[in-house]
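Data from input34.txt: compact mmCIF, C-alpha atoms
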# COMPACT_ATOMS: atom_id res chain seq x y z
CA SER A 1 -73.71 -25.20 82.76
CA GLN A 2 -76.40 -26.48 80.44
CA SER A 3 -79.93 -25.12 80.69
CA VAL A 4 -83.07 -25.26 78.59
CA GLY A 5 -83.07 -22.23 76.28
CA MET A 6 -79.31 -22.05 75.97
CA GLY A 7 -78.26 -20.21 72.83
CA LYS A 8 -81.80 -19.47 71.58
CA ALA A 9 -81.65 -15.70 72.04
CA LEU A 10 -78.32 -15.62 70.26
CA ALA A 11 -79.70 -17.64 67.34
CA ASP A 12 -82.79 -15.42 67.14
CA ALA A 13 -80.66 -12.27 67.07
CA PHE A 14 -77.77 -13.26 64.81
CA PRO A 15 -77.76 -15.32 61.58
CA ALA A 16 -74.11 -16.28 62.21
CA ALA A 17 -75.15 -18.03 65.41
CA ARG A 18 -78.17 -19.66 63.81
CA GLU A 19 -75.94 -21.15 61.10
CA VAL A 20 -73.78 -22.85 63.74
CA PHE A 21 -76.74 -24.56 65.37
CA GLU A 22 -78.05 -25.68 61.97
CA GLU A 23 -74.64 -27.12 61.03
CA VAL A 24 -74.40 -29.03 64.33
CA ASP A 25 -77.93 -30.39 63.80
CA ASP A 26 -76.93 -31.60 60.34
CA ALA A 27 -73.67 -33.14 61.57
CA LEU A 28 -75.48 -35.15 64.24
CA GLY A 29 -78.57 -35.99 62.23
CA GLN A 30 -80.59 -34.68 65.17
CA LYS A 31 -82.42 -31.48 66.04
CA LEU A 32 -80.09 -30.86 68.97
CA SER A 33 -81.01 -27.17 68.83
CA ALA A 34 -84.66 -28.03 69.54
CA LEU A 35 -83.58 -30.05 72.58
CA MET A 36 -81.40 -27.15 73.74
CA TRP A 37 -84.20 -24.62 73.39
CA GLU A 38 -87.25 -26.66 74.40
CA GLY A 39 -85.93 -29.48 76.61
CA PRO A 40 -86.73 -31.70 78.36
CA MET A 41 -83.90 -31.04 80.79
CA GLU A 42 -83.38 -34.73 81.59
CA ASP A 43 -82.53 -35.39 77.92
CA LEU A 44 -80.33 -32.31 77.63
CA THR A 45 -78.39 -33.50 80.70
CA LEU A 46 -77.49 -36.81 79.05
CA THR A 47 -73.78 -36.33 78.44
CA ALA A 48 -74.02 -37.40 74.78
CA ASN A 49 -76.28 -34.35 74.28
CA THR A 50 -74.71 -31.98 76.81
CA GLN A 51 -71.26 -32.12 75.28
CA PRO A 52 -72.11 -31.08 71.70
CA ALA A 53 -74.73 -28.63 73.01
CA LEU A 54 -72.26 -26.69 75.13
CA MET A 55 -69.79 -26.66 72.25
CA ALA A 56 -72.43 -25.41 69.80
CA HIS A 57 -73.33 -22.47 72.03
CA SER A 58 -69.65 -21.58 72.49
CA ILE A 59 -68.90 -21.60 68.77
CA ALA A 60 -72.11 -19.72 67.96
CA ALA A 61 -71.08 -16.95 70.35
CA LEU A 62 -67.60 -16.87 68.85
CA ARG A 63 -68.97 -16.61 65.31
CA VAL A 64 -71.03 -13.61 66.40
CA LEU A 65 -67.94 -12.00 67.91
CA GLU A 66 -66.10 -12.59 64.65
CA LYS A 67 -68.94 -11.09 62.58
CA GLU A 68 -70.05 -8.22 64.82
CA ALA A 69 -66.87 -7.29 66.70
CA GLY A 70 -64.18 -8.22 64.20
CA VAL A 71 -62.61 -10.74 66.56
CA ASP A 72 -59.85 -12.84 64.97
CA ILE A 73 -58.84 -15.90 66.97
CA GLU A 74 -55.30 -15.56 65.62
CA ASN A 75 -54.94 -12.43 67.75
CA ALA A 76 -55.63 -14.37 70.96
CA MET A 77 -52.56 -15.39 72.94
CA PHE A 78 -54.11 -18.74 73.81
CA VAL A 79 -57.21 -20.86 73.61
CA ALA A 80 -58.19 -23.28 76.38
CA GLY A 81 -61.25 -25.17 77.50
CA HIS A 82 -62.31 -27.15 80.55
CA SER A 83 -62.77 -30.86 79.74
CA LEU A 84 -65.17 -31.01 76.75
CA GLY A 85 -64.45 -27.28 76.33
CA GLU A 86 -61.03 -28.21 75.00
CA TYR A 87 -62.79 -29.46 71.87
CA SER A 88 -64.61 -26.11 71.62
CA ALA A 89 -61.25 -24.35 71.95
CA LEU A 90 -59.78 -26.43 69.13
CA CYS A 91 -62.79 -25.74 66.93
CA ALA A 92 -62.48 -22.03 67.72
CA ALA A 93 -58.84 -22.17 66.68
CA ARG A 94 -59.78 -23.95 63.45
CA ALA A 95 -57.84 -27.10 64.34
CA LEU A 96 -61.08 -29.10 64.05
CA THR A 97 -64.05 -28.41 61.81
CA LEU A 98 -67.39 -27.73 63.45
CA GLU A 99 -68.81 -30.92 61.92
CA ASP A 100 -65.96 -33.05 63.24
CA THR A 101 -66.13 -31.41 66.67
CA ALA A 102 -69.83 -32.17 67.02
CA ARG A 103 -69.29 -35.74 65.86
CA LEU A 104 -66.35 -36.30 68.23
CA LEU A 105 -68.23 -34.93 71.23
CA ARG A 106 -71.22 -37.15 70.50
CA ILE A 107 -68.87 -40.18 70.40
CA ARG A 108 -67.09 -38.96 73.54
CA GLY A 109 -70.33 -38.59 75.45
CA GLU A 110 -71.64 -41.99 74.40
CA ALA A 111 -68.31 -43.69 75.15
CA MET A 112 -68.02 -42.09 78.59
CA GLN A 113 -71.56 -43.10 79.49
CA ALA A 114 -70.98 -46.67 78.33
CA ALA A 115 -67.64 -47.08 80.12
CA VAL A 116 -69.15 -47.59 83.59
CA PRO A 117 -72.64 -48.92 84.43
CA VAL A 118 -74.93 -46.22 85.82
CA GLY A 119 -74.78 -46.16 89.60
CA GLU A 120 -71.31 -47.67 89.95
CA GLY A 121 -69.34 -44.43 89.60
CA ALA A 122 -69.55 -40.99 91.19
CA MET A 123 -67.91 -37.58 91.34
CA ALA A 124 -67.76 -35.10 94.20
CA ALA A 125 -66.49 -31.58 94.76
CA LEU A 126 -64.30 -30.97 97.78
CA ILE A 127 -64.68 -27.34 98.83
CA GLY A 128 -62.09 -25.43 100.82
CA VAL A 129 -59.37 -28.05 100.49
CA ASP A 130 -56.01 -27.63 98.77
CA LEU A 131 -54.65 -30.09 96.22
CA GLU A 132 -52.37 -31.73 98.78
CA GLY A 133 -55.26 -32.33 101.17
CA ALA A 134 -57.38 -33.75 98.36
CA GLN A 135 -54.58 -36.10 97.37
CA LYS A 136 -54.30 -37.38 100.95
CA ALA A 137 -58.06 -37.88 101.01
CA VAL A 138 -58.11 -40.08 97.91
CA GLU A 139 -55.07 -42.02 99.10
CA SER A 140 -56.85 -42.73 102.38
CA VAL A 141 -59.41 -44.94 100.62
CA ALA A 142 -57.01 -46.79 98.32
CA GLY A 143 -58.06 -50.40 97.92
CA ASP A 144 -60.78 -52.14 96.01
CA GLY A 145 -61.98 -49.63 93.48
CA VAL A 146 -60.85 -46.26 92.14
CA CYS A 147 -60.79 -42.80 93.67
CA GLU A 148 -58.75 -40.11 91.95
CA ILE A 149 -58.51 -36.35 91.54
CA ALA A 150 -60.42 -35.46 88.38
CA ASN A 151 -60.33 -31.66 88.30
CA ASP A 152 -58.11 -29.09 89.97
CA ASN A 153 -60.58 -26.30 89.27
CA ALA A 154 -59.35 -23.41 91.42
CA PRO A 155 -57.81 -22.82 94.83
CA GLY A 156 -60.20 -24.46 97.28
CA GLN A 157 -62.15 -26.47 94.69
CA VAL A 158 -61.01 -29.98 93.79
CA VAL A 159 -63.21 -32.62 92.16
CA ILE A 160 -62.71 -36.34 92.79
CA SER A 161 -63.98 -39.22 90.68
CA GLY A 162 -64.18 -42.98 90.86
CA THR A 163 -66.03 -45.91 92.37
CA LYS A 164 -69.17 -44.64 94.10
CA GLU A 165 -68.48 -46.35 97.42
CA LEU A 166 -64.99 -44.84 97.71
CA VAL A 167 -66.06 -41.36 96.58
CA GLU A 168 -68.80 -41.39 99.21
CA LYS A 169 -66.30 -42.49 101.84
CA VAL A 170 -64.03 -39.54 101.02
CA CYS A 171 -67.03 -37.22 101.27
CA ALA A 172 -67.86 -38.58 104.72
CA ASP A 173 -64.29 -38.00 105.93
CA ALA A 174 -63.56 -34.84 103.90
CA LYS A 175 -63.29 -32.46 106.85
CA THR A 176 -60.51 -34.64 108.26
CA PHE A 177 -58.40 -33.57 105.29
CA GLY A 178 -59.21 -29.86 105.49
CA ALA A 179 -62.32 -29.59 103.34
CA LYS A 180 -65.11 -27.30 104.48
CA MET A 181 -67.65 -29.47 102.71
CA ALA A 182 -67.99 -32.23 100.14
CA LYS A 183 -70.78 -32.42 97.61
CA LEU A 184 -71.67 -35.31 95.33
CA LEU A 185 -72.18 -34.05 91.78
CA PRO A 186 -75.25 -34.90 89.68
CA VAL A 187 -73.30 -36.62 86.90
CA SER A 188 -73.94 -39.92 85.18
CA ALA A 189 -70.38 -41.31 85.13
CA PRO A 190 -67.00 -40.97 86.90
CA PHE A 191 -65.35 -38.68 84.36
CA HIS A 192 -61.58 -38.07 84.30
CA SER A 193 -60.74 -41.23 86.19
CA SER A 194 -59.05 -44.47 85.15
CA LEU A 195 -62.52 -46.05 85.02
CA MET A 196 -62.93 -44.18 81.73
CA ALA A 197 -60.23 -46.27 80.00
CA PRO A 198 -62.71 -47.90 77.58
CA ALA A 199 -63.87 -44.43 76.51
CA ALA A 200 -60.25 -43.36 75.96
CA GLU A 201 -59.76 -46.31 73.61
CA ARG A 202 -62.87 -45.32 71.67
CA MET A 203 -61.66 -41.72 71.39
CA ALA A 204 -58.23 -42.86 70.20
CA THR A 205 -59.93 -44.60 67.27
CA ALA A 206 -62.27 -41.68 66.53
CA LEU A 207 -59.47 -39.11 66.63
CA ALA A 208 -57.21 -41.25 64.43
CA GLU A 209 -59.97 -41.17 61.81
CA THR A 210 -60.29 -37.36 62.05
CA ASN A 211 -58.25 -34.86 60.09
CA GLY A 212 -56.80 -32.24 62.43
CA LYS A 213 -54.78 -29.11 61.67
CA ALA A 214 -52.43 -27.00 63.72
CA PRO A 215 -54.51 -24.47 65.69
CA ALA A 216 -54.47 -20.85 64.57
CA THR A 217 -53.22 -19.91 68.03
CA THR A 218 -51.66 -21.85 70.89
CA LEU A 219 -53.68 -24.35 72.89
CA VAL A 220 -53.05 -24.75 76.61
CA ALA A 221 -53.99 -28.38 77.12
CA ASN A 222 -55.83 -29.74 80.16
CA VAL A 223 -53.68 -32.70 81.06
CA ILE A 224 -50.28 -30.99 80.81
CA ALA A 225 -51.27 -27.40 81.67
CA ALA A 226 -48.83 -26.33 78.98
CA GLU A 227 -48.73 -25.14 75.39
CA THR A 228 -49.05 -27.24 72.26
CA THR A 229 -49.72 -26.61 68.58
CA THR A 230 -48.83 -30.01 67.10
CA PRO A 231 -51.83 -31.93 65.67
CA ALA A 232 -50.47 -35.38 66.62
CA GLU A 233 -49.71 -34.29 70.17
CA ILE A 234 -53.11 -32.61 70.50
CA LYS A 235 -54.86 -35.85 69.52
CA ASP A 236 -52.76 -37.81 72.02
CA LEU A 237 -53.59 -35.33 74.78
CA LEU A 238 -57.31 -35.50 73.97
CA VAL A 239 -57.16 -39.26 74.47
CA LYS A 240 -55.26 -38.89 77.75
CA GLN A 241 -57.73 -36.24 78.87
CA VAL A 242 -60.56 -38.80 79.08
CA THR A 243 -58.90 -40.52 82.04
CA GLY A 244 -56.57 -37.71 83.12
CA ARG A 245 -56.85 -34.76 85.46
CA VAL A 246 -58.15 -31.40 84.23
CA ARG A 247 -55.35 -29.13 85.49
CA TRP A 248 -57.36 -25.93 85.21
CA THR A 249 -55.67 -24.00 88.03
CA GLU A 250 -52.26 -24.63 86.49
CA SER A 251 -53.51 -23.88 82.98
CA VAL A 252 -54.86 -20.45 83.94
CA THR A 253 -51.74 -19.71 86.01
CA HIS A 254 -49.62 -20.59 82.97
CA MET A 255 -51.52 -18.21 80.70
CA ALA A 256 -51.48 -15.38 83.23
CA ALA A 257 -47.74 -15.81 83.86
CA ARG A 258 -47.12 -15.36 80.15
CA GLY A 259 -48.92 -12.03 80.06
CA CYS A 260 -52.55 -12.93 79.42
CA ASP A 261 -54.43 -10.26 81.38
CA THR A 262 -57.94 -10.70 79.89
CA PHE A 263 -59.89 -13.95 79.62
CA VAL A 264 -63.04 -14.13 77.49
CA GLU A 265 -65.39 -16.99 78.40
CA VAL A 266 -67.50 -17.85 75.37
CA GLY A 267 -70.72 -19.84 75.63
CA THR A 268 -73.10 -21.01 78.35
CA GLY A 269 -72.80 -19.74 81.91
CA LYS A 270 -70.02 -18.00 83.80
CA VAL A 271 -68.49 -20.89 85.73
CA LEU A 272 -65.04 -20.52 84.20
CA SER A 273 -64.98 -16.75 84.74
CA GLY A 274 -65.59 -17.36 88.44
CA LEU A 275 -62.77 -19.91 88.62
CA ILE A 276 -60.38 -17.64 86.71
CA ARG A 277 -61.03 -14.75 89.11
CA ARG A 278 -59.95 -17.01 91.97
CA ILE A 279 -56.81 -18.17 90.13
CA ALA A 280 -55.58 -15.03 88.34
CA LYS A 281 -56.90 -12.29 90.60
CA GLU A 282 -55.36 -9.44 88.61
CA ALA A 283 -56.85 -10.54 85.30
CA ALA A 284 -60.04 -9.20 83.75
CA THR A 285 -62.78 -11.60 82.70
CA LEU A 286 -65.48 -11.12 80.09
CA HIS A 287 -68.38 -13.43 79.25
CA VAL A 288 -70.12 -13.67 75.89
CA GLY A 289 -73.11 -15.98 75.60
CA GLU A 290 -76.19 -13.81 75.08
CA PRO A 291 -77.03 -10.95 72.70
CA GLY A 292 -76.52 -8.30 75.39
CA ASP A 293 -73.03 -9.59 76.02
CA ILE A 294 -71.99 -8.61 72.51
CA ASP A 295 -72.71 -4.93 73.26
CA GLY A 296 -70.76 -5.24 76.50
CA PHE A 297 -67.83 -6.76 74.68
CA LEU A 298 -67.80 -3.97 72.08
CA LYS A 299 -67.90 -1.33 74.83
CA GLY A 300 -65.34 -3.15 76.98
Encoded form (C-alpha cells):
Amino acid sequence: SQSVGMGKALADAFPAAREVFEEVDDALGQKLSALMWEGPMEDLTLTANTQPALMAHSIAALRVLEKEAGVDIENAMFVAGHSLGEYSALCAARALTLEDTARLLRIRGEAMQAAVPVGEGAMAALIGVDLEGAQKAVESVAGDGVCEIANDNAPGQVVISGTKELVEKVCADAKTFGAKMAKLLPVSAPFHSSLMAPAAERMATALAETNGKAPATTLVANVIAAETTTPAEIKDLLVKQVTGRVRWTESVTHMAARGCDTFVEVGTGKVLSGLIRRIAKEAATLHVGEPGDIDGFLKG
C-alpha cells in the first residue's frame, strides 16, 4: 500500500496528524516522514521503513478523526489489522504507545529482512482458489524447503510463502489446484512462514522489554481470528504472527457475525476495504487516509 507522498496532505492540513509524524521521526531517530513524502520509492519499500511508515499514516488519520470528528476508540466494537497493521490497531487502542509501536515495527522489519538471505524466499498470491485448494497446492511440493499458506485474505485470494523454488513450482502448477492465476509478489522476504523463526525470536525479546496495556477495545488477532484483551496473550500472539498465518477472512467473518456492520479502514490505500467487501458483503466500509476523507466520514 505504500506510496511516495503518503500522509503528506493529511499532515499539511491537520496539526494532529503532523504531530504523529514528528513523534515517529523522533522515536526512530530518522526523518521517516521525509522518506514517505519525497522518496525514493526503493528506500520506502524496504520493509524496515514500510512497516513504521504505514503505521504512522494510520495513526495520524485516527488522531484527526479523534480531533475533528470526536471519534473515541472505546466506542468501536473491535480493532484489527492485517499483519503489521495489528500493531497499528494496538496503538490505536492505546495498548502500545506510538513511540513503542514505531520502535517495534522497525525491529520487526529489520528482523524479518535478516531472517532469510535476499533471493532465497518468495511469496505469491493465488487468485480464484479456495483455502482447501491452496492447502493441496502447498502440500504438493512438500520436501526440501518450505511452502506454506501465509495469508487467507478473502474468498479467492490466498497468499503462499516460503522457499523461492517451491513457491515458483506452486505458481507453475496453480491452475491444477483451481487457481485462475498465480502472481509472485514484489516482497523482499517470505513473510508469515516458518522461515521467519529467527525474526520471531527477536520479536519475543523486543516485546518482553516493552510495557503493554490492555487495549481500550477488543482486538481480533490475526493468528487466532478471535478476540483477546490480555496483554500477555497479545504479546504471545504477536510473536506467533511472525511465522503464522494471517487469518483475515476468518477475522472479518468473526467481527461481522458479532454485529459489526461498518468497518473503517484508517491509513494508506483501500486494500482492506476491498477484501472486507468480499468477505462481509452486507457490511459498509469507509476509508480515511486523506483530508477529503474526513469530510466524507463526518457526512457518512
query: Skipping near chain neighbours, those fewer than 3 positions away, what residues fall within 12 Å of A:Lys31 using only C-alpha atoms, listed as a ChimeraX atom specification?
result: /A:21-28,34-39,44,49,52-53
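Restricting the calculation to only C-alpha atoms, the smallest distance between A:Pro291 and any of A:Ala48, A:Lys67, A:Ala226, A:Ala61 is found for A:Ala61.
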- prompt: Which residue, A:Ala115, A:Val220, A:Val288, A:Leu84, has the smallest gap to A:Ala60 when you use all atoms listed in the file?
  reply: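 Counting all atoms listed in the file, the residue closest to A:Ala60 is A:Val288.
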field: Residue contacts of A:Met203 (7 Å, all atoms listed in the file) excluding same-chain residues fewer than 3 positions away, as a PyMOL selection string
entry: chain A and resi 108+199-200+206-207+239
Atomic distance atom CA of A:Phe177 - atom CA of A:Ala134, expressed in Å with one decimal: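 Value for the atom CA of A:Phe177-atom CA of A:Ala134 distance: 7.0 Å.
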Within 9 Å of stretch 159-172 of chain A using only C-alpha atoms, minus same-chain residues under 2 positions, as a PDB file with C-alpha atoms, in the frame of the given file:
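New file result24.pdb:
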ATOM      1  CA  GLY A 119     -74.780 -46.160  89.600  1.00  0.00           C
ATOM      2  CA  GLU A 120     -71.310 -47.670  89.950  1.00  0.00           C
ATOM      3  CA  GLY A 121     -69.340 -44.430  89.600  1.00  0.00           C
ATOM      4  CA  ALA A 122     -69.550 -40.990  91.190  1.00  0.00           C
ATOM      5  CA  MET A 123     -67.910 -37.580  91.340  1.00  0.00           C
ATOM      6  CA  ALA A 124     -67.760 -35.100  94.200  1.00  0.00           C
ATOM      7  CA  ALA A 125     -66.490 -31.580  94.760  1.00  0.00           C
ATOM      8  CA  LEU A 126     -64.300 -30.970  97.780  1.00  0.00           C
ATOM      9  CA  ILE A 127     -64.680 -27.340  98.830  1.00  0.00           C
ATOM     10  CA  ALA A 134     -57.380 -33.750  98.360  1.00  0.00           C
ATOM     11  CA  ALA A 137     -58.060 -37.880 101.010  1.00  0.00           C
ATOM     12  CA  VAL A 138     -58.110 -40.080  97.910  1.00  0.00           C
ATOM     13  CA  SER A 140     -56.850 -42.730 102.380  1.00  0.00           C
ATOM     14  CA  VAL A 141     -59.410 -44.940 100.620  1.00  0.00           C
ATOM     15  CA  ALA A 142     -57.010 -46.790  98.320  1.00  0.00           C
ATOM     16  CA  GLY A 143     -58.060 -50.400  97.920  1.00  0.00           C
ATOM     17  CA  ASP A 144     -60.780 -52.140  96.010  1.00  0.00           C
ATOM     18  CA  GLY A 145     -61.980 -49.630  93.480  1.00  0.00           C
ATOM     19  CA  VAL A 146     -60.850 -46.260  92.140  1.00  0.00           C
ATOM     20  CA  CYS A 147     -60.790 -42.800  93.670  1.00  0.00           C
ATOM     21  CA  GLU A 148     -58.750 -40.110  91.950  1.00  0.00           C
ATOM     22  CA  ILE A 149     -58.510 -36.350  91.540  1.00  0.00           C
ATOM     23  CA  ALA A 150     -60.420 -35.460  88.380  1.00  0.00           C
ATOM     24  CA  ASN A 151     -60.330 -31.660  88.300  1.00  0.00           C
ATOM     25  CA  ASP A 152     -58.110 -29.090  89.970  1.00  0.00           C
ATOM     26  CA  ASN A 153     -60.580 -26.300  89.270  1.00  0.00           C
ATOM     27  CA  GLN A 157     -62.150 -26.470  94.690  1.00  0.00           C
ATOM     28  CA  ALA A 174     -63.560 -34.840 103.900  1.00  0.00           C
ATOM     29  CA  LYS A 175     -63.290 -32.460 106.850  1.00  0.00           C
ATOM     30  CA  MET A 181     -67.650 -29.470 102.710  1.00  0.00           C
ATOM     31  CA  ALA A 182     -67.990 -32.230 100.140  1.00  0.00           C
ATOM     32  CA  LYS A 183     -70.780 -32.420  97.610  1.00  0.00           C
ATOM     33  CA  LEU A 184     -71.670 -35.310  95.330  1.00  0.00           C
ATOM     34  CA  ALA A 189     -70.380 -41.310  85.130  1.00  0.00           C
ATOM     35  CA  PRO A 190     -67.000 -40.970  86.900  1.00  0.00           C
ATOM     36  CA  PHE A 191     -65.350 -38.680  84.360  1.00  0.00           C
ATOM     37  CA  HIS A 192     -61.580 -38.070  84.300  1.00  0.00           C
ATOM     38  CA  SER A 193     -60.740 -41.230  86.190  1.00  0.00           C
ATOM     39  CA  SER A 194     -59.050 -44.470  85.150  1.00  0.00           C
ATOM     40  CA  LEU A 195     -62.520 -46.050  85.020  1.00  0.00           C
TER      41      LEU A 195
END
Residues near A:Thr50, anyone? I mean within 12 Å using all atoms listed in the file, not counting same-chain ones fewer than 4 positions away, as a PDB file with C-alpha atoms, in the coordinates of the input.
ATOM      1  CA  SER A   1     -73.710 -25.200  82.760  1.00  0.00           C
ATOM      2  CA  GLN A   2     -76.400 -26.480  80.440  1.00  0.00           C
ATOM      3  CA  SER A   3     -79.930 -25.120  80.690  1.00  0.00           C
ATOM      4  CA  VAL A   4     -83.070 -25.260  78.590  1.00  0.00           C
ATOM      5  CA  MET A   6     -79.310 -22.050  75.970  1.00  0.00           C
ATOM      6  CA  LEU A  32     -80.090 -30.860  68.970  1.00  0.00           C
ATOM      7  CA  SER A  33     -81.010 -27.170  68.830  1.00  0.00           C
ATOM      8  CA  LEU A  35     -83.580 -30.050  72.580  1.00  0.00           C
ATOM      9  CA  MET A  36     -81.400 -27.150  73.740  1.00  0.00           C
ATOM     10  CA  GLY A  39     -85.930 -29.480  76.610  1.00  0.00           C
ATOM     11  CA  MET A  41     -83.900 -31.040  80.790  1.00  0.00           C
ATOM     12  CA  GLU A  42     -83.380 -34.730  81.590  1.00  0.00           C
ATOM     13  CA  ASP A  43     -82.530 -35.390  77.920  1.00  0.00           C
ATOM     14  CA  LEU A  44     -80.330 -32.310  77.630  1.00  0.00           C
ATOM     15  CA  THR A  45     -78.390 -33.500  80.700  1.00  0.00           C
ATOM     16  CA  LEU A  46     -77.490 -36.810  79.050  1.00  0.00           C
ATOM     17  CA  LEU A  54     -72.260 -26.690  75.130  1.00  0.00           C
ATOM     18  CA  MET A  55     -69.790 -26.660  72.250  1.00  0.00           C
ATOM     19  CA  ALA A  56     -72.430 -25.410  69.800  1.00  0.00           C
ATOM     20  CA  HIS A  57     -73.330 -22.470  72.030  1.00  0.00           C
ATOM     21  CA  LEU A  84     -65.170 -31.010  76.750  1.00  0.00           C
ATOM     22  CA  GLY A  85     -64.450 -27.280  76.330  1.00  0.00           C
ATOM     23  CA  ALA A 102     -69.830 -32.170  67.020  1.00  0.00           C
ATOM     24  CA  LEU A 105     -68.230 -34.930  71.230  1.00  0.00           C
ATOM     25  CA  ARG A 106     -71.220 -37.150  70.500  1.00  0.00           C
ATOM     26  CA  ILE A 107     -68.870 -40.180  70.400  1.00  0.00           C
ATOM     27  CA  ARG A 108     -67.090 -38.960  73.540  1.00  0.00           C
ATOM     28  CA  GLY A 109     -70.330 -38.590  75.450  1.00  0.00           C
ATOM     29  CA  GLU A 110     -71.640 -41.990  74.400  1.00  0.00           C
ATOM     30  CA  GLN A 113     -71.560 -43.100  79.490  1.00  0.00           C
ATOM     31  CA  VAL A 187     -73.300 -36.620  86.900  1.00  0.00           C
ATOM     32  CA  SER A 188     -73.940 -39.920  85.180  1.00  0.00           C
ATOM     33  CA  THR A 268     -73.100 -21.010  78.350  1.00  0.00           C
TER      34      THR A 268
END
task: Around the point (-71.4, -13.7, 82.5) in the file's coordinates, collect all residues with an atom within 12 Å, using only C-alpha atoms, and return them as number ranges by chain.
output: A: 1, 263-274, 285-294, 296-297
Using the file's own x, y and z axes, what box holds all listed atoms of stretch 71-89 of chain A with 6 Å on each side, keeping edges along x, y and z, and what are its centre and edge lengths in Å to one decimal, as JSON?
{"center_x": -58.9, "center_y": -20.9, "center_z": 72.8, "size_x": 24.6, "size_y": 32.3, "size_z": 27.6}
